[in-house]
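*Asks:* Dropping in entry_25.pdb, which is PDB, C-alpha atoms, pLDDT in the B column:
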```pdb
MODEL        1
ATOM      1  CA  SER A   1      38.236  23.303 -39.698  1.00 48.00           C
ATOM      2  CA  ILE A   2      35.521  20.709 -39.039  1.00 50.00           C
ATOM      3  CA  GLN A   3      32.697  20.724 -41.525  1.00 54.00           C
ATOM      4  CA  ALA A   4      29.471  18.746 -41.589  1.00 52.00           C
ATOM      5  CA  ALA A   5      29.473  15.812 -43.951  1.00 50.00           C
ATOM      6  CA  PRO A   6      27.356  16.332 -47.039  1.00 53.00           C
ATOM      7  CA  LYS A   7      23.986  14.596 -46.762  1.00 52.00           C
ATOM      8  CA  MET A   8      24.878  12.430 -49.769  1.00 51.00           C
ATOM      9  CA  LEU A   9      27.663  10.784 -47.708  1.00 55.00           C
ATOM     10  CA  VAL A  10      25.334   9.764 -44.844  1.00 55.00           C
ATOM     11  CA  SER A  11      24.175   6.198 -45.360  1.00 62.00           C
ATOM     12  CA  SER A  12      20.505   5.307 -45.430  1.00 68.00           C
ATOM     13  CA  GLN A  13      21.157   2.843 -42.571  1.00 67.00           C
ATOM     14  CA  TRP A  14      22.433   5.684 -40.397  1.00 63.00           C
ATOM     15  CA  GLU A  15      19.374   7.797 -41.187  1.00 65.00           C
ATOM     16  CA  ALA A  16      17.125   4.866 -40.309  1.00 68.00           C
ATOM     17  CA  TRP A  17      18.997   4.338 -37.022  1.00 59.00           C
ATOM     18  CA  ALA A  18      18.725   8.032 -36.145  1.00 62.00           C
ATOM     19  CA  ASP A  19      15.010   8.058 -36.929  1.00 65.00           C
ATOM     20  CA  GLN A  20      14.379   4.969 -34.788  1.00 62.00           C
ATOM     21  CA  HIS A  21      16.211   6.473 -31.842  1.00 56.00           C
ATOM     22  CA  GLN A  22      14.393   9.754 -32.213  1.00 61.00           C
ATOM     23  CA  THR A  23      11.159   7.766 -32.108  1.00 64.00           C
ATOM     24  CA  ALA A  24      12.391   5.914 -29.012  1.00 61.00           C
ATOM     25  CA  ALA A  25      13.220   9.219 -27.363  1.00 62.00           C
ATOM     26  CA  ALA A  26       9.741  10.478 -28.184  1.00 62.00           C
ATOM     27  CA  GLN A  27       8.239   7.330 -26.640  1.00 61.00           C
ATOM     28  CA  ALA A  28      10.313   7.821 -23.492  1.00 60.00           C
ATOM     29  CA  GLU A  29       9.097  11.418 -23.313  1.00 66.00           C
ATOM     30  CA  ARG A  30       5.555  10.173 -23.716  1.00 65.00           C
ATOM     31  CA  LEU A  31       5.909   7.819 -20.754  1.00 66.00           C
ATOM     32  CA  SER A  32       6.280  10.880 -18.552  1.00 71.00           C
ATOM     33  CA  GLU A  33       2.838  12.001 -19.730  1.00 83.00           C
ATOM     34  CA  ILE A  34       1.045   8.789 -18.747  1.00 87.00           C
ATOM     35  CA  GLU A  35       0.131   9.908 -15.231  1.00 88.00           C
ATOM     36  CA  SER A  36      -1.425  13.135 -16.480  1.00 89.00           C
ATOM     37  CA  TRP A  37      -3.282  11.193 -19.166  1.00 91.00           C
ATOM     38  CA  CYS A  38      -4.699   8.794 -16.565  1.00 93.00           C
ATOM     39  CA  LYS A  39      -5.800  11.710 -14.407  1.00 94.00           C
ATOM     40  CA  ALA A  40      -7.423  13.282 -17.456  1.00 94.00           C
ATOM     41  CA  LEU A  41      -9.378  10.082 -18.095  1.00 96.00           C
ATOM     42  CA  PHE A  42     -10.639  10.042 -14.510  1.00 97.00           C
ATOM     43  CA  ASP A  43     -11.504  13.719 -14.816  1.00 97.00           C
ATOM     44  CA  VAL A  44     -13.456  13.341 -18.061  1.00 97.00           C
ATOM     45  CA  HIS A  45     -15.495  10.388 -16.837  1.00 97.00           C
ATOM     46  CA  GLY A  46     -16.097  11.947 -13.431  1.00 97.00           C
ATOM     47  CA  HIS A  47     -17.459  15.015 -15.231  1.00 97.00           C
ATOM     48  CA  GLN A  48     -19.709  12.816 -17.344  1.00 97.00           C
ATOM     49  CA  VAL A  49     -21.090  10.925 -14.348  1.00 98.00           C
ATOM     50  CA  PHE A  50     -21.698  13.807 -11.955  1.00 97.00           C
ATOM     51  CA  ASN A  51     -22.069  16.901 -14.136  1.00 97.00           C
ATOM     52  CA  LEU A  52     -23.664  15.557 -17.298  1.00 97.00           C
ATOM     53  CA  GLY A  53     -25.472  12.534 -15.920  1.00 96.00           C
ATOM     54  CA  LEU A  54     -24.677  10.689 -19.145  1.00 97.00           C
ATOM     55  CA  PHE A  55     -21.451   8.743 -19.395  1.00 97.00           C
ATOM     56  CA  ASN A  56     -19.537   6.164 -21.393  1.00 96.00           C
ATOM     57  CA  ALA A  57     -19.478   2.940 -19.388  1.00 95.00           C
ATOM     58  CA  ASP A  58     -16.940   1.179 -21.608  1.00 95.00           C
ATOM     59  CA  PRO A  59     -13.613   3.072 -21.401  1.00 95.00           C
ATOM     60  CA  HIS A  60     -11.386   0.044 -21.915  1.00 94.00           C
ATOM     61  CA  PRO A  61      -7.896   0.570 -23.417  1.00 92.00           C
ATOM     62  CA  GLY A  62      -9.096  -0.245 -26.935  1.00 92.00           C
ATOM     63  CA  ASN A  63     -11.425   2.759 -26.793  1.00 93.00           C
ATOM     64  CA  ILE A  64      -8.684   5.177 -25.744  1.00 92.00           C
ATOM     65  CA  LEU A  65      -6.352   6.462 -28.440  1.00 90.00           C
ATOM     66  CA  VAL A  66      -3.227   8.579 -28.404  1.00 84.00           C
ATOM     67  CA  VAL A  67      -3.641  11.019 -31.278  1.00 84.00           C
ATOM     68  CA  GLU A  68      -0.515  12.680 -32.613  1.00 76.00           C
ATOM     69  CA  ASP A  69      -0.581  16.194 -33.945  1.00 70.00           C
ATOM     70  CA  LYS A  70       0.235  15.804 -37.644  1.00 68.00           C
ATOM     71  CA  GLU A  71       1.140  19.471 -37.865  1.00 65.00           C
ATOM     72  CA  GLU A  72       3.890  19.055 -35.269  1.00 57.00           C
ATOM     73  CA  SER A  73       7.047  17.951 -37.075  1.00 53.00           C
ATOM     74  CA  ASN A  74       9.235  17.652 -33.964  1.00 53.00           C
ATOM     75  CA  LYS A  75       8.577  14.212 -32.535  1.00 51.00           C
ATOM     76  CA  LEU A  76      10.021  15.147 -29.158  1.00 47.00           C
ATOM     77  CA  ALA A  77       7.697  18.127 -28.873  1.00 50.00           C
ATOM     78  CA  ASN A  78       4.662  16.213 -30.106  1.00 53.00           C
ATOM     79  CA  ARG A  79       3.166  14.782 -26.929  1.00 61.00           C
ATOM     80  CA  GLY A  80      -0.130  13.877 -28.536  1.00 69.00           C
ATOM     81  CA  LYS A  81      -3.670  14.045 -27.262  1.00 84.00           C
ATOM     82  CA  LEU A  82      -6.154  11.465 -26.032  1.00 89.00           C
ATOM     83  CA  GLY A  83      -9.025  10.406 -28.223  1.00 91.00           C
ATOM     84  CA  LEU A  84     -12.082   8.604 -26.823  1.00 93.00           C
ATOM     85  CA  ILE A  85     -14.107   6.408 -29.173  1.00 93.00           C
ATOM     86  CA  ASP A  86     -17.023   3.951 -29.185  1.00 93.00           C
ATOM     87  CA  TYR A  87     -19.747   5.505 -27.054  1.00 92.00           C
ATOM     88  CA  GLY A  88     -22.021   2.546 -27.712  1.00 91.00           C
ATOM     89  CA  GLN A  89     -22.483   1.607 -24.060  1.00 93.00           C
ATOM     90  CA  CYS A  90     -23.692   4.707 -22.271  1.00 95.00           C
ATOM     91  CA  LYS A  91     -25.713   5.116 -19.105  1.00 96.00           C
ATOM     92  CA  GLN A  92     -27.930   8.015 -18.087  1.00 96.00           C
ATOM     93  CA  LEU A  93     -28.480   8.878 -14.433  1.00 97.00           C
ATOM     94  CA  THR A  94     -31.262  10.844 -12.775  1.00 97.00           C
ATOM     95  CA  ALA A  95     -30.387  13.736 -10.479  1.00 97.00           C
ATOM     96  CA  ASP A  96     -31.356  11.605  -7.469  1.00 97.00           C
ATOM     97  CA  GLU A  97     -29.102   8.760  -8.614  1.00 97.00           C
ATOM     98  CA  GLN A  98     -26.229  11.182  -9.154  1.00 97.00           C
ATOM     99  CA  TYR A  99     -26.692  12.565  -5.643  1.00 97.00           C
ATOM    100  CA  LYS A 100     -26.714   9.144  -3.982  1.00 97.00           C
ATOM    101  CA  ILE A 101     -23.682   7.925  -5.917  1.00 98.00           C
ATOM    102  CA  ALA A 102     -21.886  11.166  -5.045  1.00 98.00           C
ATOM    103  CA  ARG A 103     -22.585  10.576  -1.346  1.00 97.00           C
ATOM    104  CA  LEU A 104     -21.009   7.126  -1.552  1.00 98.00           C
ATOM    105  CA  ILE A 105     -17.988   8.434  -3.467  1.00 97.00           C
ATOM    106  CA  LEU A 106     -17.476  11.278  -0.978  1.00 98.00           C
ATOM    107  CA  SER A 107     -17.805   9.027   2.051  1.00 98.00           C
ATOM    108  CA  VAL A 108     -14.923   6.942   0.698  1.00 97.00           C
ATOM    109  CA  ALA A 109     -12.860   9.924  -0.508  1.00 97.00           C
ATOM    110  CA  ASN A 110     -13.178  11.698   2.857  1.00 97.00           C
ATOM    111  CA  ASN A 111     -12.294   8.579   4.871  1.00 96.00           C
ATOM    112  CA  GLU A 112     -15.593   8.758   6.733  1.00 98.00           C
ATOM    113  CA  SER A 113     -16.629   6.215   9.332  1.00 98.00           C
ATOM    114  CA  ASP A 114     -17.777   2.689   8.517  1.00 98.00           C
ATOM    115  CA  GLU A 115     -21.294   3.730   9.458  1.00 98.00           C
ATOM    116  CA  ALA A 116     -21.245   6.671   7.035  1.00 98.00           C
ATOM    117  CA  VAL A 117     -19.995   4.577   4.115  1.00 98.00           C
ATOM    118  CA  ALA A 118     -22.466   1.800   4.891  1.00 98.00           C
ATOM    119  CA  ASN A 119     -25.385   4.222   5.160  1.00 98.00           C
ATOM    120  CA  ALA A 120     -24.477   5.829   1.842  1.00 98.00           C
ATOM    121  CA  PHE A 121     -24.636   2.339   0.353  1.00 96.00           C
ATOM    122  CA  ARG A 122     -27.948   1.607   2.070  1.00 97.00           C
ATOM    123  CA  ASP A 123     -29.433   4.839   0.685  1.00 97.00           C
ATOM    124  CA  MET A 124     -28.909   3.316  -2.752  1.00 96.00           C
ATOM    125  CA  ASN A 125     -31.068   0.364  -1.685  1.00 95.00           C
ATOM    126  CA  ILE A 126     -28.337  -2.251  -1.728  1.00 97.00           C
ATOM    127  CA  VAL A 127     -29.590  -5.425  -0.054  1.00 97.00           C
ATOM    128  CA  THR A 128     -27.315  -7.843   1.800  1.00 97.00           C
ATOM    129  CA  LYS A 129     -28.141 -10.971   3.766  1.00 97.00           C
ATOM    130  CA  ASN A 130     -26.916  -9.659   7.135  1.00 97.00           C
ATOM    131  CA  ASN A 131     -26.965  -5.892   6.537  1.00 97.00           C
ATOM    132  CA  SER A 132     -23.428  -5.780   7.954  1.00 98.00           C
ATOM    133  CA  THR A 133     -21.999  -2.296   8.398  1.00 98.00           C
ATOM    134  CA  GLU A 134     -18.433  -3.634   8.350  1.00 97.00           C
ATOM    135  CA  PHE A 135     -19.059  -5.498   5.096  1.00 98.00           C
ATOM    136  CA  LEU A 136     -20.655  -2.523   3.355  1.00 98.00           C
ATOM    137  CA  ALA A 137     -17.882  -0.180   4.460  1.00 98.00           C
ATOM    138  CA  LYS A 138     -15.115  -2.497   3.292  1.00 97.00           C
ATOM    139  CA  PHE A 139     -16.952  -3.197   0.053  1.00 97.00           C
ATOM    140  CA  GLY A 140     -17.384   0.518  -0.658  1.00 97.00           C
ATOM    141  CA  ARG A 141     -13.704   1.253  -0.026  1.00 97.00           C
ATOM    142  CA  LEU A 142     -12.680  -1.699  -2.177  1.00 96.00           C
ATOM    143  CA  MET A 143     -14.813  -0.366  -5.020  1.00 96.00           C
ATOM    144  CA  PHE A 144     -13.892   3.309  -4.901  1.00 97.00           C
ATOM    145  CA  GLY A 145     -10.755   3.667  -2.799  1.00 96.00           C
ATOM    146  CA  ALA A 146      -7.161   2.939  -3.710  1.00 94.00           C
ATOM    147  CA  PHE A 147      -5.979  -0.662  -3.795  1.00 92.00           C
ATOM    148  CA  GLU A 148      -4.428  -1.707  -0.504  1.00 93.00           C
ATOM    149  CA  PRO A 149      -1.958  -4.589   0.016  1.00 92.00           C
ATOM    150  CA  GLU A 150      -4.662  -6.552   1.847  1.00 94.00           C
ATOM    151  CA  HIS A 151      -6.830  -6.504  -1.261  1.00 93.00           C
ATOM    152  CA  LEU A 152      -4.329  -8.834  -2.913  1.00 90.00           C
ATOM    153  CA  ASP A 153      -4.736 -11.374  -0.135  1.00 95.00           C
ATOM    154  CA  HIS A 154      -7.222 -14.132  -0.957  1.00 95.00           C
ATOM    155  CA  GLN A 155      -7.915 -14.658   2.739  1.00 96.00           C
ATOM    156  CA  TRP A 156      -9.033 -11.023   3.078  1.00 96.00           C
ATOM    157  CA  HIS A 157     -11.700 -11.592   0.436  1.00 95.00           C
ATOM    158  CA  MET A 158     -12.722 -14.893   2.033  1.00 95.00           C
ATOM    159  CA  GLN A 159     -13.225 -13.131   5.352  1.00 96.00           C
ATOM    160  CA  LEU A 160     -15.176 -10.338   3.666  1.00 96.00           C
ATOM    161  CA  HIS A 161     -17.601 -12.792   2.100  1.00 94.00           C
ATOM    162  CA  LYS A 162     -18.032 -14.573   5.420  1.00 95.00           C
ATOM    163  CA  LEU A 163     -19.312 -11.306   6.878  1.00 96.00           C
ATOM    164  CA  ASP A 164     -22.149 -10.892   4.418  1.00 97.00           C
ATOM    165  CA  LYS A 165     -23.479 -11.550   0.939  1.00 96.00           C
ATOM    166  CA  VAL A 166     -25.000  -9.136  -1.599  1.00 96.00           C
ATOM    167  CA  ASP A 167     -28.552 -10.084  -2.566  1.00 97.00           C
ATOM    168  CA  TYR A 168     -29.287  -6.976  -4.652  1.00 97.00           C
ATOM    169  CA  PHE A 169     -26.840  -4.517  -6.169  1.00 96.00           C
ATOM    170  CA  PRO A 170     -28.304  -1.190  -7.416  1.00 95.00           C
ATOM    171  CA  LYS A 171     -28.357  -1.183 -11.206  1.00 93.00           C
ATOM    172  CA  GLU A 172     -27.585   2.533 -11.456  1.00 92.00           C
ATOM    173  CA  LEU A 173     -24.346   1.928  -9.560  1.00 96.00           C
ATOM    174  CA  SER A 174     -23.261  -1.120 -11.562  1.00 96.00           C
ATOM    175  CA  MET A 175     -22.359   0.860 -14.700  1.00 96.00           C
ATOM    176  CA  VAL A 176     -20.600   3.565 -12.683  1.00 97.00           C
ATOM    177  CA  TYR A 177     -18.589   0.862 -10.977  1.00 96.00           C
ATOM    178  CA  ARG A 178     -17.794  -0.757 -14.339  1.00 96.00           C
ATOM    179  CA  THR A 179     -16.446   2.566 -15.601  1.00 97.00           C
ATOM    180  CA  SER A 180     -14.306   3.140 -12.534  1.00 96.00           C
ATOM    181  CA  LEU A 181     -13.063  -0.454 -12.584  1.00 95.00           C
ATOM    182  CA  LEU A 182     -11.903  -0.211 -16.199  1.00 96.00           C
ATOM    183  CA  LEU A 183     -10.111   3.090 -15.575  1.00 96.00           C
ATOM    184  CA  ARG A 184      -8.489   1.847 -12.390  1.00 94.00           C
ATOM    185  CA  GLY A 185      -7.475  -1.404 -14.085  1.00 93.00           C
ATOM    186  CA  LEU A 186      -5.755   0.573 -16.824  1.00 94.00           C
ATOM    187  CA  SER A 187      -3.925   2.662 -14.237  1.00 93.00           C
ATOM    188  CA  ILE A 188      -2.838  -0.385 -12.236  1.00 93.00           C
ATOM    189  CA  SER A 189      -1.440  -1.968 -15.422  1.00 91.00           C
ATOM    190  CA  LEU A 190       0.667   1.183 -15.774  1.00 89.00           C
ATOM    191  CA  ALA A 191       1.875   0.874 -12.153  1.00 88.00           C
ATOM    192  CA  MET A 192      -0.277   3.732 -10.828  1.00 92.00           C
ATOM    193  CA  ASN A 193      -2.680   3.262  -7.933  1.00 94.00           C
ATOM    194  CA  PHE A 194      -5.450   5.868  -7.917  1.00 95.00           C
ATOM    195  CA  SER A 195      -8.381   6.233  -5.548  1.00 96.00           C
ATOM    196  CA  ILE A 196     -11.548   6.656  -7.577  1.00 96.00           C
ATOM    197  CA  GLY A 197     -13.080   8.563  -4.706  1.00 97.00           C
ATOM    198  CA  LYS A 198     -10.294  11.107  -4.554  1.00 97.00           C
ATOM    199  CA  GLU A 199     -10.142  11.511  -8.327  1.00 97.00           C
ATOM    200  CA  TRP A 200     -13.904  12.069  -8.574  1.00 98.00           C
ATOM    201  CA  LYS A 201     -14.301  14.066  -5.368  1.00 97.00           C
ATOM    202  CA  LYS A 202     -14.227  17.457  -7.096  1.00 96.00           C
ATOM    203  CA  HIS A 203     -17.072  16.406  -9.398  1.00 97.00           C
ATOM    204  CA  ALA A 204     -19.165  14.679  -6.723  1.00 94.00           C
TER     205      ALA A 204
ENDMDL
END
```
Will you turn the file into structure tokens for me?
*Replies:*
Amino acid sequence: SIQAAPKMLVSSQWEAWADQHQTAAAQAERLSEIESWCKALFDVHGHQVFNLGLFNADPHPGNILVVEDKEESNKLANRGKLGLIDYGQCKQLTADEQYKIARLILSVANNESDEAVANAFRDMNIVTKNNSTEFLAKFGRLMFGAFEPEHLDHQWHMQLHKLDKVDYFPKELSMVYRTSLLLRGLSISLAMNFSIGKEWKKHA
């Protein structure tokens, strides 16, 4: 009959190899969790912006940790949790600011007309040289929509800046945009293209 080899006959090199491959398998399993983690990050920060009115404006990758459960001995079953650190750059919004930012987010998320997106921007007192509706609509979708192939075209941006120029950008929106830009940048680096508007729609 076939019997298992006694542990004393298994070389330390084999044990090390097995442990490394178990770790690799756990990492592969973790890759499948990345999309849900990204969505969770959008969810948490959307809640902070629109429900709490106080949010962390610096969620760069160095401030996001994957925390393993030390009580879980099975590496394949231990999918970890996300830990958020360094809340040293926070921004507080008034109820009126939350409302106006929500209107802009929803106009993009709901694919509203250029006029609707532009007016939501104007309600936040953005000032541009020509007050171009087309410029404001494209700018709003660039900020809070999903990345489109045209956004990678330098000529598209050149044409956009020929339409108009921003003279004043609302300060209450700048930190919200910074937050969304960092989260979207992280997602893009992981080959996932999220629309900020759609991810934050339920909170707005």
*Asks:* Mind giving me the straight-line distance from atom CA of Val127 of chain A to atom CA of Tyr168 of chain A in Å, one decimal?
*Replies:*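 Straight-line distance from atom CA of Val127 of chain A to atom CA of Tyr168 of chain A works out to 4.9 Å.
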*Asks:* What would the selection look like, as a ChimeraX atom specification, if the PyMOL selection byres ((chain A and resi 120) around 10) were run on the coordinates I just shared?
*Replies:* /A:100-108,114-119,121-126,136-137,140
*Asks:* What separation in Å, quoted to one decimal, exists between atom CA of Thr179 of chain A and atom CA of Phe147 of chain A?
*Replies:*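 It comes out at 16.1 Å.
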*Asks:* Show me, as a tab-separated table, the residues of segment 169-189 of chain A having an atom within 12 Å of segment 34-38 of chain A, each with the closest atom pair and its distance in Å, using only C-alpha atoms.
*Replies:*
```
residue	atom	partner	partner_atom	distance
A:Ser180	CA	A:Cys38	CA	11.9
A:Leu182	CA	A:Cys38	CA	11.5
A:Leu183	CA	A:Cys38	CA	7.9
A:Arg184	CA	A:Cys38	CA	8.9
A:Gly185	CA	A:Cys38	CA	10.9
A:Leu186	CA	A:Cys38	CA	8.3
A:Ser187	CA	A:Cys38	CA	6.6
A:Ile188	CA	A:Cys38	CA	10.3
A:Ser189	CA	A:Cys38	CA	11.3
```
*Asks:* Pick out the residues sitting within 7 Å of segment 160-163 of chain A, and hand them over as a PyMOL selection string; count only C-alpha atoms, and ignore anything fewer than 2 positions along from it in its own chain.
*Replies:* chain A and resi 132+135+156-158+165
*Asks:* Could you give me, as a list of chain:residue names, the residues within 10 Å of Lys202 of chain A, counting all atoms listed in the file and dropping anything in the same chain fewer than 6 positions from it?
*Replies:*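 Skipping anything fewer than 6 positions along the chain leaves A:Asp43, A:Gly46, A:His47, A:Phe50, A:Leu106.
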*Asks:* Output, as AutoDock Vina command-line options, the centre and edge lengths in Å (one decimal) of the axis-aligned box that contains all listed atoms of segment 188-193 of chain A with 5 Å of margin on each side.
*Replies:*
```
--center_x -0.5 --center_y 0.9 --center_z -11.9 --size_x 14.7 --size_y 15.7 --size_z 17.8
```
*Asks:* With distances taken over all atoms listed in the file, which of A:Thr128, A:Ser32, A:Gln48, A:Gln98 is nearest to Phe169 of chain A?
*Replies:*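 Using all atoms listed in the file, the shortest distance to Phe169 of chain A belongs to A:Thr128.
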*Asks:* Please indicate the distance in Å from atom CA of Glu112 of chain A to atom CA of Arg141 of chain A, rounded to one decimal place.
*Replies:*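 For atom CA of Glu112 of chain A relative to atom CA of Arg141 of chain A, the distance reads 10.3 Å.
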*Asks:* Which of these residues is nearest to Lys91 of chain A, using all atoms listed in the file: A:Glu199, A:Asp164, A:Asp153, A:Glu172?
*Replies:* A:Glu172
*Asks:* Excluding Tyr87 of chain A and residues on its chain fewer than 6 positions from it, collect all residues at most 10 Å away from it, counting all atoms listed in the file, and give them as a short mmCIF file (atom, residue, chain, number, x, y, z; two decimals) with C-alpha atoms, in the frame of the given file.
*Replies:*
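Saved to part_37.cif:
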```cif
data_model
loop_
_atom_site.label_atom_id
_atom_site.label_comp_id
_atom_site.auth_asym_id
_atom_site.auth_seq_id
_atom_site.Cartn_x
_atom_site.Cartn_y
_atom_site.Cartn_z
CA PHE A 55 -21.45 8.74 -19.40
CA ASN A 56 -19.54 6.16 -21.39
CA ALA A 57 -19.48 2.94 -19.39
CA ASP A 58 -16.94 1.18 -21.61
CA PRO A 59 -13.61 3.07 -21.40
CA ASN A 63 -11.42 2.76 -26.79
#
```
